[in-house]
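Structure first, then comments.
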2 protein chains.
Amino acid sequence: MTEEMLDALDRAGVRLTGPRRKLTALIERREGHFTAADLLKDAGRRRMGIGRATVFRLLELLSEQGLVERIDLPDGTHAYIPCEPTHHHHLVCLNCGATTDVDDCGIAAVTREAARRTGFKIEQHRLELFGRC
Amino acid sequence: MTEEMLDALDRAGVRLTGPRRKLTALIERREGHFTAADLLKDAGRRRMGIGRATVFRLLELLSEQGLVERIDLPDGTHAYIPCEPTHHHHLVCLNCGATTDVDDCGIAAVTREAARRTGFKIEQHRLELFGRC
DNA sequence: GATCTATTGATACTGAGTATCATATGTGGT
DNA sequence: ACCACATATGATACTCAGTATCAATAGATC
């Protein structure tokens with residue numbers, strides 16, 4: 001029960017409400033990536049009486065704070081990964097769903113090279129790695 | 001009117017039907033990325049009488065053939081980019097939607113490094129670059 | 001041209017995500 | 001400890017992307 005997320009929300013100046021406490025606890029108990037539907041099911045199973053909208057609102061909030069990152073799985077579905085709010089990338093296991101953070105690893109050089117070749121000014125990038133752990 | 005896509009579909013051994021001819025022509029006339037809804041609207045505006053399902057089916061088919069690639073924009077919506085069926089990455093302009101292909105640029109080294117650090121066997125990766133042209 | 005299978009469009013459905021709004025609940029000031 | 005009030009909530013209803021079904025249609029091959 002680390003409550004890192006809750007602390008971060010507190011620092012962000014939002015209210016620490018009941019639903020937010022319960023949901024962040026559920027997220028921290030999870031392993032690997034999860035979808036909004038997974039979380040909603042978790043909450044439903046425990047009769048938490050948490051509304052659909054609240055789940056989406058919290059995920060958006062966590063995402064803004066960089067506590068969770070939204071990724072696009074190879075099958076096109078959206079999932080979330082709890083993570084540190086520093087820039088990094090994710091390695092997702094296609095078998096078990098486990099995720100690992102990977103920091104820069106030399107991508108800065110890649111984007112610089114791409115910018116040079118194309119003349120674009122690159123502002124964001126997204127790198128997702130998929131494999132087997 | 002190059003019909004590259006149509007030729008490729010022919011080579012893939014599927015039927016060259018009316019709807020497929022019309023839709024591939026519409027796609028080739030497009031610039032930058034587009035969504036399924038965009039294409040559907042294009043077809044609707046021209047009274048082509050093409051069904052919703054047909055559009056999604058064609059996009060899936062083109063995607064399997066690597067003639068089109070599905071990307072996830074920063075706002076979470078899915079879009080498609082017509083492209084060559086070789087492995088590469090996309091640079092998307094956040095202003096005008098223009099896209100450019102970028103080949104390897106050294107990502108192989110990045111994935112190799114990530115694999116070494118984590119012990120994962122990396123099978124796929126997705127890199128999307130966003131900026132201004 | 002006949003035949004046979006792949007493809008189509010209409011329809012209806014599912015599931016993700018969002019808008020609305022009256023009600024409930026944290027929080028900061030007293 | 002209480003109050004006041006903005007913030008957050010859940011119910012409901014909605015929109016929009018994508019999919020399943022299936023009878024009708026139309027390519028390809030002979």
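Ligands are numbered from 1 in the order shown, residues from 1 within each chain, and chains are lettered A, B, ... in the order they appear in the structure tokens.
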Contacts of Leu9 (chain A) at 10 Å or less, counting only C-alpha atoms (C1' of nucleotides), minus same-chain residues fewer than 6 places along, as JSON, numbers by chain? {"A": [3, 15, 16, 20, 21, 24, 61, 62, 65, 67]}
Close residues, DT29 (chain D) itself excluded, 12 Å, only C-alpha atoms (C1' of nucleotides), min 4 positions apart in chain, as a list in words: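 With the cut-off at 12 Å, the set is DG1, DA2, DT3, DC4 and DT5 of chain C.
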Determine which residues of chain B sit within 9 Å of chain C, taking into account only C-alpha atoms (C1' of nucleotides), and present them as number ranges by chain. B: 14-15, 17, 19, 49-54
Written file, previous selection with C-alpha atoms, as a short mmCIF file (atom, residue, chain, number, x, y, z; two decimals), in the first residue's frame:
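Below is the file that was written, result_21.cif:
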```
data_model
loop_
_atom_site.label_atom_id
_atom_site.label_comp_id
_atom_site.auth_asym_id
_atom_site.auth_seq_id
_atom_site.Cartn_x
_atom_site.Cartn_y
_atom_site.Cartn_z
CA VAL B 14 -8.57 -10.57 -54.18
CA ARG B 15 -11.36 -9.42 -56.42
CA THR B 17 -14.64 -4.90 -57.28
CA PRO B 19 -16.28 -0.39 -54.39
CA GLY B 49 -23.50 4.17 -52.13
CA ILE B 50 -20.69 2.44 -50.33
CA GLY B 51 -21.49 0.80 -47.03
CA ARG B 52 -19.80 1.48 -43.75
CA ALA B 53 -18.64 -2.13 -43.39
CA THR B 54 -17.01 -2.10 -46.82
#
```
Where in region 2-131 of chain A does DSSP assign strand (DSSP E), given as JSON, numbers by chain? {"A": [68, 69, 70, 71, 72, 78, 79, 80, 81, 82, 89, 90, 91, 92, 93, 99, 100, 101, 102, 121, 122, 123, 124, 125, 126, 127, 128, 129, 130, 131]}
I'd like the superposed copy of chain A - fitted to chain B by least squares over all paired Cα atoms - as a JSON list (two decimals) with C-alpha atoms, in the first residue's frame.
```
[["chain", "number", "residue", "atom", "x", "y", "z"],
["A", 1, "MET", "CA", -4.43, 8.04, -61.38],
["A", 2, "THR", "CA", -1.63, 5.63, -60.55],
["A", 3, "GLU", "CA", -3.68, 2.69, -59.24],
["A", 4, "GLU", "CA", -0.74, 1.29, -57.36],
["A", 5, "MET", "CA", -3.02, 0.06, -54.62],
["A", 6, "LEU", "CA", -5.33, -1.65, -57.03],
["A", 7, "ASP", "CA", -2.42, -3.44, -58.65],
["A", 8, "ALA", "CA", -1.20, -4.55, -55.26],
["A", 9, "LEU", "CA", -4.65, -5.86, -54.39],
["A", 10, "ASP", "CA", -4.72, -7.74, -57.66],
["A", 11, "ARG", "CA", -1.36, -9.30, -56.83],
["A", 12, "ALA", "CA", -2.76, -10.25, -53.44],
["A", 13, "GLY", "CA", -5.38, -12.31, -55.23],
["A", 14, "VAL", "CA", -8.54, -10.59, -54.10],
["A", 15, "ARG", "CA", -11.35, -9.43, -56.35],
["A", 16, "LEU", "CA", -11.12, -6.03, -57.95],
["A", 17, "THR", "CA", -14.65, -4.95, -57.24],
["A", 18, "GLY", "CA", -16.35, -1.66, -57.95],
["A", 19, "PRO", "CA", -16.29, -0.42, -54.36],
["A", 20, "ARG", "CA", -12.62, -1.33, -54.03],
["A", 21, "ARG", "CA", -11.74, 0.55, -57.21],
["A", 22, "LYS", "CA", -13.59, 3.63, -56.09],
["A", 23, "LEU", "CA", -12.25, 3.60, -52.57],
["A", 24, "THR", "CA", -8.61, 3.05, -53.48],
["A", 25, "ALA", "CA", -8.93, 5.93, -55.95],
["A", 26, "LEU", "CA", -10.25, 8.11, -53.15],
["A", 27, "ILE", "CA", -7.41, 7.09, -50.88],
["A", 28, "GLU", "CA", -4.78, 7.81, -53.50],
["A", 29, "ARG", "CA", -6.26, 11.24, -54.04],
["A", 30, "ARG", "CA", -5.88, 12.05, -50.35],
["A", 31, "GLU", "CA", -2.99, 13.88, -48.77],
["A", 32, "GLY", "CA", -1.68, 12.99, -45.35],
["A", 33, "HIS", "CA", -3.48, 10.84, -42.88],
["A", 34, "PHE", "CA", -7.18, 10.17, -42.82],
["A", 35, "THR", "CA", -9.66, 8.34, -40.65],
["A", 36, "ALA", "CA", -12.20, 5.71, -41.64],
["A", 37, "ALA", "CA", -14.84, 8.39, -41.08],
["A", 38, "ASP", "CA", -13.08, 10.75, -43.51],
["A", 39, "LEU", "CA", -13.13, 8.13, -46.20],
["A", 40, "LEU", "CA", -16.74, 7.28, -45.54],
["A", 41, "LYS", "CA", -17.62, 10.95, -45.81],
["A", 42, "ASP", "CA", -15.71, 11.25, -49.10],
["A", 43, "ALA", "CA", -17.65, 8.34, -50.52],
["A", 44, "GLY", "CA", -20.93, 9.63, -49.19],
["A", 45, "ARG", "CA", -20.42, 13.09, -50.68],
["A", 46, "ARG", "CA", -19.99, 11.52, -54.09],
["A", 47, "ARG", "CA", -23.09, 9.39, -53.69],
["A", 48, "MET", "CA", -21.10, 6.23, -54.17],
["A", 49, "GLY", "CA", -23.49, 4.15, -52.14],
["A", 50, "ILE", "CA", -20.68, 2.44, -50.33],
["A", 51, "GLY", "CA", -21.50, 0.82, -47.03],
["A", 52, "ARG", "CA", -19.81, 1.49, -43.75],
["A", 53, "ALA", "CA", -18.65, -2.12, -43.40],
["A", 54, "THR", "CA", -17.02, -2.10, -46.82],
["A", 55, "VAL", "CA", -14.81, 0.81, -45.87],
["A", 56, "PHE", "CA", -13.61, -0.90, -42.72],
["A", 57, "ARG", "CA", -13.10, -4.16, -44.56],
["A", 58, "LEU", "CA", -10.99, -2.50, -47.24],
["A", 59, "LEU", "CA", -8.89, -0.64, -44.70],
["A", 60, "GLU", "CA", -8.21, -3.89, -42.91],
["A", 61, "LEU", "CA", -7.27, -5.55, -46.17],
["A", 62, "LEU", "CA", -4.94, -2.74, -47.19],
["A", 63, "SER", "CA", -3.44, -2.80, -43.75],
["A", 64, "GLU", "CA", -2.72, -6.53, -44.00],
["A", 65, "GLN", "CA", -0.97, -5.89, -47.29],
["A", 66, "GLY", "CA", 1.06, -3.07, -45.77],
["A", 67, "LEU", "CA", -0.34, -0.55, -48.23],
["A", 68, "VAL", "CA", -1.78, 1.51, -45.47],
["A", 69, "GLU", "CA", -0.68, 1.81, -41.90],
["A", 70, "ARG", "CA", -2.80, 2.43, -38.89],
["A", 71, "ILE", "CA", -1.47, 5.02, -36.50],
["A", 72, "ASP", "CA", -2.63, 6.38, -33.20],
["A", 73, "LEU", "CA", -2.68, 10.17, -33.14],
["A", 74, "PRO", "CA", -1.74, 11.99, -29.94],
["A", 75, "ASP", "CA", -5.41, 12.66, -29.22],
["A", 76, "GLY", "CA", -6.12, 8.94, -29.21],
["A", 77, "THR", "CA", -7.96, 8.69, -32.53],
["A", 78, "HIS", "CA", -7.00, 6.15, -35.13],
["A", 79, "ALA", "CA", -5.91, 7.23, -38.57],
["A", 80, "TYR", "CA", -4.50, 5.61, -41.66],
["A", 81, "ILE", "CA", -1.55, 6.57, -43.82],
["A", 82, "PRO", "CA", -1.02, 5.23, -47.33],
["A", 83, "CYS", "CA", 2.53, 3.95, -47.59],
["A", 84, "GLU", "CA", 5.03, 1.57, -49.04],
["A", 85, "PRO", "CA", 4.90, -1.98, -47.71],
["A", 86, "THR", "CA", 8.42, -1.88, -46.31],
["A", 87, "HIS", "CA", 9.22, -1.38, -42.68],
["A", 88, "HIS", "CA", 9.52, 2.26, -41.79],
["A", 89, "HIS", "CA", 8.12, 4.91, -39.51],
["A", 90, "HIS", "CA", 5.99, 7.98, -39.86],
["A", 91, "LEU", "CA", 6.46, 11.59, -39.17],
["A", 92, "VAL", "CA", 3.15, 13.36, -38.83],
["A", 93, "CYS", "CA", 2.66, 17.12, -38.97],
["A", 94, "LEU", "CA", 0.44, 18.32, -36.15],
["A", 95, "ASN", "CA", -0.64, 21.36, -38.15],
["A", 96, "CYS", "CA", -1.54, 20.13, -41.58],
["A", 97, "GLY", "CA", -1.65, 16.36, -41.21],
["A", 98, "ALA", "CA", 1.04, 15.79, -43.82],
["A", 99, "THR", "CA", 3.03, 12.64, -43.30],
["A", 100, "THR", "CA", 6.47, 11.57, -44.35],
["A", 101, "ASP", "CA", 8.03, 8.17, -44.24],
["A", 102, "VAL", "CA", 11.27, 7.79, -42.39],
["A", 103, "ASP", "CA", 13.26, 4.65, -42.66],
["A", 104, "ASP", "CA", 15.26, 2.93, -39.99],
["A", 105, "CYS", "CA", 17.41, 5.88, -38.81],
["A", 106, "GLY", "CA", 19.10, 3.72, -36.19],
["A", 107, "ILE", "CA", 16.17, 2.31, -34.31],
["A", 108, "ALA", "CA", 17.41, -1.21, -34.74],
["A", 109, "ALA", "CA", 20.26, -0.27, -32.40],
["A", 110, "VAL", "CA", 17.79, 1.11, -29.90],
["A", 111, "THR", "CA", 15.67, -2.03, -29.80],
["A", 112, "ARG", "CA", 18.77, -4.18, -29.55],
["A", 113, "GLU", "CA", 19.93, -2.15, -26.59],
["A", 114, "ALA", "CA", 16.52, -2.33, -24.94],
["A", 115, "ALA", "CA", 16.44, -6.10, -25.44],
["A", 116, "ARG", "CA", 19.86, -6.43, -23.91],
["A", 117, "ARG", "CA", 18.91, -4.42, -20.84],
["A", 118, "THR", "CA", 15.62, -6.13, -20.18],
["A", 119, "GLY", "CA", 16.08, -9.65, -21.44],
["A", 120, "PHE", "CA", 12.95, -9.42, -23.56],
["A", 121, "LYS", "CA", 12.86, -10.81, -27.05],
["A", 122, "ILE", "CA", 11.56, -7.87, -29.03],
["A", 123, "GLU", "CA", 9.28, -8.79, -31.91],
["A", 124, "GLN", "CA", 7.60, -5.61, -32.97],
["A", 125, "HIS", "CA", 8.04, -1.94, -32.43],
["A", 126, "ARG", "CA", 6.13, 1.14, -33.29],
["A", 127, "LEU", "CA", 7.66, 4.56, -33.55],
["A", 128, "GLU", "CA", 5.59, 7.60, -34.33],
["A", 129, "LEU", "CA", 7.04, 11.05, -34.60],
["A", 130, "PHE", "CA", 4.95, 14.18, -34.34],
["A", 131, "GLY", "CA", 6.01, 17.69, -35.22],
["A", 132, "ARG", "CA", 5.56, 20.65, -37.56],
["A", 133, "CYS", "CA", 6.56, 20.67, -41.16]]
```
Would you give me, as a PDB file with N, CA and C atoms (P, O5', C5', C4', C3', O3' and C1' of nucleotides), in the first residue's frame, the residues of chain D that come within 8 Å of chain B, using only C-alpha atoms (C1' of nucleotides)?
```pdb
ATOM      1  P    DG D  18     -12.072   2.875 -35.832  1.00  0.00           P
ATOM      2  O5'  DG D  18     -12.838   1.488 -35.820  1.00  0.00           O
ATOM      3  C5'  DG D  18     -12.695   0.675 -34.661  1.00  0.00           C
ATOM      4  C4'  DG D  18     -13.707  -0.431 -34.708  1.00  0.00           C
ATOM      5  C3'  DG D  18     -13.634  -1.344 -35.934  1.00  0.00           C
ATOM      6  O3'  DG D  18     -13.260  -2.636 -35.467  1.00  0.00           O
ATOM      7  C1'  DG D  18     -15.859  -0.875 -35.323  1.00  0.00           C
ATOM      8  P    DG D  27     -18.723  -6.182 -60.598  1.00  0.00           P
ATOM      9  O5'  DG D  27     -17.281  -6.621 -60.135  1.00  0.00           O
ATOM     10  C5'  DG D  27     -16.689  -7.599 -60.904  1.00  0.00           C
ATOM     11  C4'  DG D  27     -15.745  -8.398 -60.072  1.00  0.00           C
ATOM     12  C3'  DG D  27     -14.742  -9.061 -60.971  1.00  0.00           C
ATOM     13  O3'  DG D  27     -13.537  -9.277 -60.295  1.00  0.00           O
ATOM     14  C1'  DG D  27     -16.291 -10.678 -60.128  1.00  0.00           C
ATOM     15  P    DA D  28     -12.234  -9.499 -61.158  1.00  0.00           P
ATOM     16  O5'  DA D  28     -12.191 -11.074 -61.344  1.00  0.00           O
ATOM     17  C5'  DA D  28     -11.871 -11.874 -60.219  1.00  0.00           C
ATOM     18  C4'  DA D  28     -12.014 -13.345 -60.552  1.00  0.00           C
ATOM     19  C3'  DA D  28     -11.214 -13.812 -61.758  1.00  0.00           C
ATOM     20  O3'  DA D  28     -10.499 -14.960 -61.326  1.00  0.00           O
ATOM     21  C1'  DA D  28     -13.498 -14.454 -61.988  1.00  0.00           C
TER      22       DA D  28
END
```
List every residue of region 18-104 of chain A that DSSP, applied to the backbone of this structure, assigns to helix (DSSP H, G or I), and report them as a tab-separated table (two decimals) with N, CA and C atoms, in the first residue's frame.
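Saved as selection.tsv:
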```tsv
chain	number	residue	atom	x	y	z
A	18	GLY	N	-13.11	9.73	-2.06
A	18	GLY	CA	-13.25	8.29	-1.84
A	18	GLY	C	-12.99	7.48	-3.10
A	19	PRO	N	-13.72	7.78	-4.17
A	19	PRO	CA	-13.52	7.03	-5.40
A	19	PRO	C	-12.07	7.09	-5.88
A	20	ARG	N	-11.43	8.21	-5.76
A	20	ARG	CA	-10.04	8.33	-6.21
A	20	ARG	C	-9.11	7.49	-5.36
A	21	ARG	N	-9.37	7.43	-4.05
A	21	ARG	CA	-8.56	6.59	-3.17
A	21	ARG	C	-8.70	5.13	-3.54
A	22	LYS	N	-9.95	4.74	-3.74
A	22	LYS	CA	-10.20	3.32	-4.05
A	22	LYS	C	-9.60	2.94	-5.40
A	23	LEU	N	-9.81	3.79	-6.38
A	23	LEU	CA	-9.33	3.45	-7.72
A	23	LEU	C	-7.81	3.44	-7.81
A	24	THR	N	-7.15	4.42	-7.20
A	24	THR	CA	-5.69	4.40	-7.28
A	24	THR	C	-5.14	3.17	-6.57
A	25	ALA	N	-5.82	2.76	-5.48
A	25	ALA	CA	-5.37	1.54	-4.79
A	25	ALA	C	-5.50	0.34	-5.74
A	26	LEU	N	-6.60	0.29	-6.46
A	26	LEU	CA	-6.79	-0.81	-7.40
A	26	LEU	C	-5.72	-0.80	-8.49
A	27	ILE	N	-5.40	0.38	-8.96
A	27	ILE	CA	-4.40	0.49	-10.02
A	27	ILE	C	-3.04	0.03	-9.51
A	28	GLU	N	-2.70	0.46	-8.30
A	28	GLU	CA	-1.39	0.09	-7.77
A	28	GLU	C	-1.27	-1.40	-7.49
A	29	ARG	N	-2.40	-2.04	-7.29
A	29	ARG	CA	-2.40	-3.48	-7.04
A	29	ARG	C	-2.26	-4.27	-8.35
A	36	ALA	N	-9.44	0.56	-19.38
A	36	ALA	CA	-10.46	1.22	-18.56
A	36	ALA	C	-11.50	0.18	-18.16
A	37	ALA	N	-11.84	-0.70	-19.07
A	37	ALA	CA	-12.83	-1.73	-18.78
A	37	ALA	C	-12.36	-2.67	-17.67
A	38	ASP	N	-11.08	-3.00	-17.67
A	38	ASP	CA	-10.53	-3.86	-16.60
A	38	ASP	C	-10.75	-3.22	-15.24
A	39	LEU	N	-10.43	-1.95	-15.17
A	39	LEU	CA	-10.52	-1.23	-13.92
A	39	LEU	C	-11.97	-1.14	-13.46
A	40	LEU	N	-12.83	-0.87	-14.40
A	40	LEU	CA	-14.25	-0.78	-14.12
A	40	LEU	C	-14.77	-2.12	-13.59
A	41	LYS	N	-14.27	-3.20	-14.17
A	41	LYS	CA	-14.68	-4.53	-13.74
A	41	LYS	C	-14.18	-4.80	-12.32
A	42	ASP	N	-12.92	-4.44	-12.06
A	42	ASP	CA	-12.35	-4.58	-10.72
A	42	ASP	C	-13.24	-3.90	-9.69
A	43	ALA	N	-13.59	-2.67	-9.99
A	43	ALA	CA	-14.39	-1.88	-9.06
A	43	ALA	C	-15.78	-2.49	-8.89
A	44	GLY	N	-16.33	-2.95	-9.99
A	44	GLY	CA	-17.66	-3.53	-9.95
A	44	GLY	C	-17.70	-4.80	-9.10
A	45	ARG	N	-16.65	-5.63	-9.28
A	45	ARG	CA	-16.58	-6.89	-8.55
A	45	ARG	C	-16.58	-6.66	-7.05
A	52	ARG	N	-18.94	4.68	-14.26
A	52	ARG	CA	-18.14	4.62	-15.48
A	52	ARG	C	-17.37	5.92	-15.75
A	53	ALA	N	-18.07	7.03	-15.66
A	53	ALA	CA	-17.44	8.32	-15.97
A	53	ALA	C	-16.29	8.62	-15.02
A	54	THR	N	-16.44	8.26	-13.78
A	54	THR	CA	-15.40	8.53	-12.79
A	54	THR	C	-14.10	7.82	-13.14
A	55	VAL	N	-14.21	6.62	-13.62
A	55	VAL	CA	-13.02	5.86	-14.02
A	55	VAL	C	-12.31	6.58	-15.16
A	56	PHE	N	-13.06	6.96	-16.17
A	56	PHE	CA	-12.43	7.65	-17.30
A	56	PHE	C	-11.84	8.99	-16.87
A	57	ARG	N	-12.55	9.68	-16.00
A	57	ARG	CA	-12.04	10.97	-15.53
A	57	ARG	C	-10.74	10.79	-14.75
A	58	LEU	N	-10.67	9.79	-13.92
A	58	LEU	CA	-9.44	9.58	-13.15
A	58	LEU	C	-8.29	9.20	-14.07
A	59	LEU	N	-8.57	8.35	-15.04
A	59	LEU	CA	-7.49	7.94	-15.94
A	59	LEU	C	-6.96	9.14	-16.71
A	60	GLU	N	-7.84	10.02	-17.09
A	60	GLU	CA	-7.41	11.22	-17.80
A	60	GLU	C	-6.54	12.08	-16.89
A	61	LEU	N	-6.99	12.22	-15.66
A	61	LEU	CA	-6.25	13.01	-14.68
A	61	LEU	C	-4.86	12.43	-14.44
A	62	LEU	N	-4.80	11.14	-14.22
A	62	LEU	CA	-3.51	10.48	-13.98
A	62	LEU	C	-2.61	10.62	-15.19
A	63	SER	N	-3.23	10.56	-16.34
A	63	SER	CA	-2.48	10.67	-17.58
A	63	SER	C	-1.87	12.06	-17.73
A	64	GLU	N	-2.66	13.08	-17.38
A	64	GLU	CA	-2.15	14.45	-17.42
A	64	GLU	C	-0.96	14.63	-16.50
```
